[in-house]
Amino acid sequence: MSVRPSASGTLESSGAAPDARPAPVRSHPSSPAAAPVVIGGVTKVYSNGTKALDGISFDVAEREFVTIVGPSGCGKSTLLRMVAGLGTATAGTIRVFALPPTQARRQQGGLAFVFQDPTLMPWRTVLANVTLPLELRGVEAGRRAEEGKRALDLVGLAQSASMYPRQLSGGMKMRVSIARAMAVHPRLLLMDEPFGALDEITRQHLDRELQDLWIRSPLTVLFVTHNVFEAVFMSTRIVVMSAQPGRVAGIIAVDVPFPREDAFRASPAFGRLVEAVTNLLAAHR
Amino acid sequence: MTRAVRDYLPPLVFGALAIAVWYLVIALRHVPGYIVPSPGDVVAAAVKNWGFLSGAVLRTFLEALGGFALSTTVGVALALLMSQSRMIERSLYPYAVILQTIPIVAVAPVIIVWLGPGVPSIVTVSFILALFPIISNTTLGLVSTDHTLVNLMELNDASPGQLLLKLKIPFALPYIMGGLRIASGMSVIGAIVGEFVGGIGGVQGGLGYLIVATAGMLQMAYLFAAALASCVLGILMFFLMNGLSYVLLHTWHESSLQREN
């Protein structure tokens, strides 16, 4: 695997309130060149008056794996949900492939979302769960089954197609959830602490699998976690957030080639990056 | 100990003991048969009047089934309607609760007056009694939908119809089955109360009429046999519902799963 190009500096920006940027205007709204995610000056105030997010701005480029790290309550899940069009920003703009999120997710090869919980329907088999998004889009049964099996193959669960979710372990359920997201051939995958509820061993295993999947597929990933080690292991860049209200504390580039082996976790470079992220989190507590 | 012995022996032993005590009390206190019949008298009365009794049971069963089917249809439809809008729910739900609190023995005579004695009245009484558990359980099921699953449907831009058919109704199914199980028993009681108040004489009267008639003539053994038949009918309905539950839920729901541990 080749070395991924990445931003040159280790610390791109820091400071509590980055300047709000308007989303760039493009002449061809859905041209392939459009950045997967552009977040410009996004502020979110809940109906009870709490300011959850304050002036968030950053972009995610094509084929990146960007991770948002922050303490609980920093609004990182709220931000990710808004990128998927679940909820709207009080101020600022979010563009996905240069489109508003609700339009982008209707596009062929748009975005897909993976929740913290597997969110499987217990009355559906594994295959029927994976093909649900296709069913809702009116794809005919034959092609649905084909696509579903392909997606299950991606996560190594082809032989479990006819099982029910209750028969699967936590890690397998999460893989089904990822297969369901992949069934629609997304170009952008949004993941909200997908492995947060799993044990450490399973988490590390799935991190590796997800990395392989990302390397093999034409995917851009925006990933939310509160686990600094996971963020360093997975990402091309890490967006570090501070809490109350949520702000971008800094963005750290991880200039380490892919695929990253487990040995990377034990390397001095890994330690330095973890320290950099941790210091940034601590400085903005 | 085999599974069958473990499952069936305790209730059988208890039943046998209860019957023994029943015999004992009658023998020791010299209770006359027209006050408390012995278990043997009850069985003899059931056998002697089998044709009449079985006809009454079948009639009551069909009436209860009619009331139950009607309450299921109307109850689920009303719950679906209420789940579509808070406004509709606020308008209707209080009246569903009031319907539940009106004593059926007060309503039944009114219905008999309006619809005349006979099957339509009896089915209506059965329907009214069985309606509320279905409305309340179905409504509970429809508003309990897992929120992240709703988010999932929203992310895939599901239509309101898809949301209902592919998520809300399957999710509510175990709740609906709970409502049906309660309602099935209520529908039998409703049918018997309906017959009690507005039944027709003879074999067409059903169990409710049979209970009134035998009590009036102090045929206690026959009365006990009729009451026992009512119980059997309720149990039959319960098992029918359990069967339906199993068919609909056994692949996925905790309530119908066979577990190894």
# chains A, B, ... in the order shown; residues from 1 in each chain; ligands from 1
>>> closest_atom_pairs(of="chain B", to="chain A", cutoff="7 Å", atoms="only C-alpha atoms", output="JSON lines")
{"residue": "B:Thr148", "atom": "CA", "partner": "A:Thr119", "partner_atom": "CA", "distance": 6.5}
{"residue": "B:Leu149", "atom": "CA", "partner": "A:Thr119", "partner_atom": "CA", "distance": 5.9}
{"residue": "B:Asn156", "atom": "CA", "partner": "A:Pro133", "partner_atom": "CA", "distance": 6.0}
{"residue": "B:Ala158", "atom": "CA", "partner": "A:Leu136", "partner_atom": "CA", "distance": 6.0}
{"residue": "B:Trp252", "atom": "CA", "partner": "A:Trp123", "partner_atom": "CA", "distance": 5.2}
>>> residues_around(residues="A:Val232", least_positions_apart="2", cutoff="9 Å", atoms="only C-alpha atoms", output="PyMOL selection string")
chain A and resi 67+227-230+234-238+254+265+270+273-274+277
>>> residues_around(residues="B:Ala64", least_positions_apart="3", cutoff="12 Å", atoms="only C-alpha atoms", output="VMD selection string")
chain B and resid 57 to 61 67 to 72 119 to 130 183 to 195 206 to 208 230 233 to 234 236 to 237
>>> select_by_dssp(residues="stretch 38-251 of chain A", states="strand (DSSP E or B)", output="ChimeraX atom specification")
/A:38-45,51-60,65-69,91-96,99,111-114,188-192,220-225,237-242,246-251
>>> atom_distance(atom1="atom CA of B:Ala44", atom2="atom CA of B:Tyr8")
25.6 Å
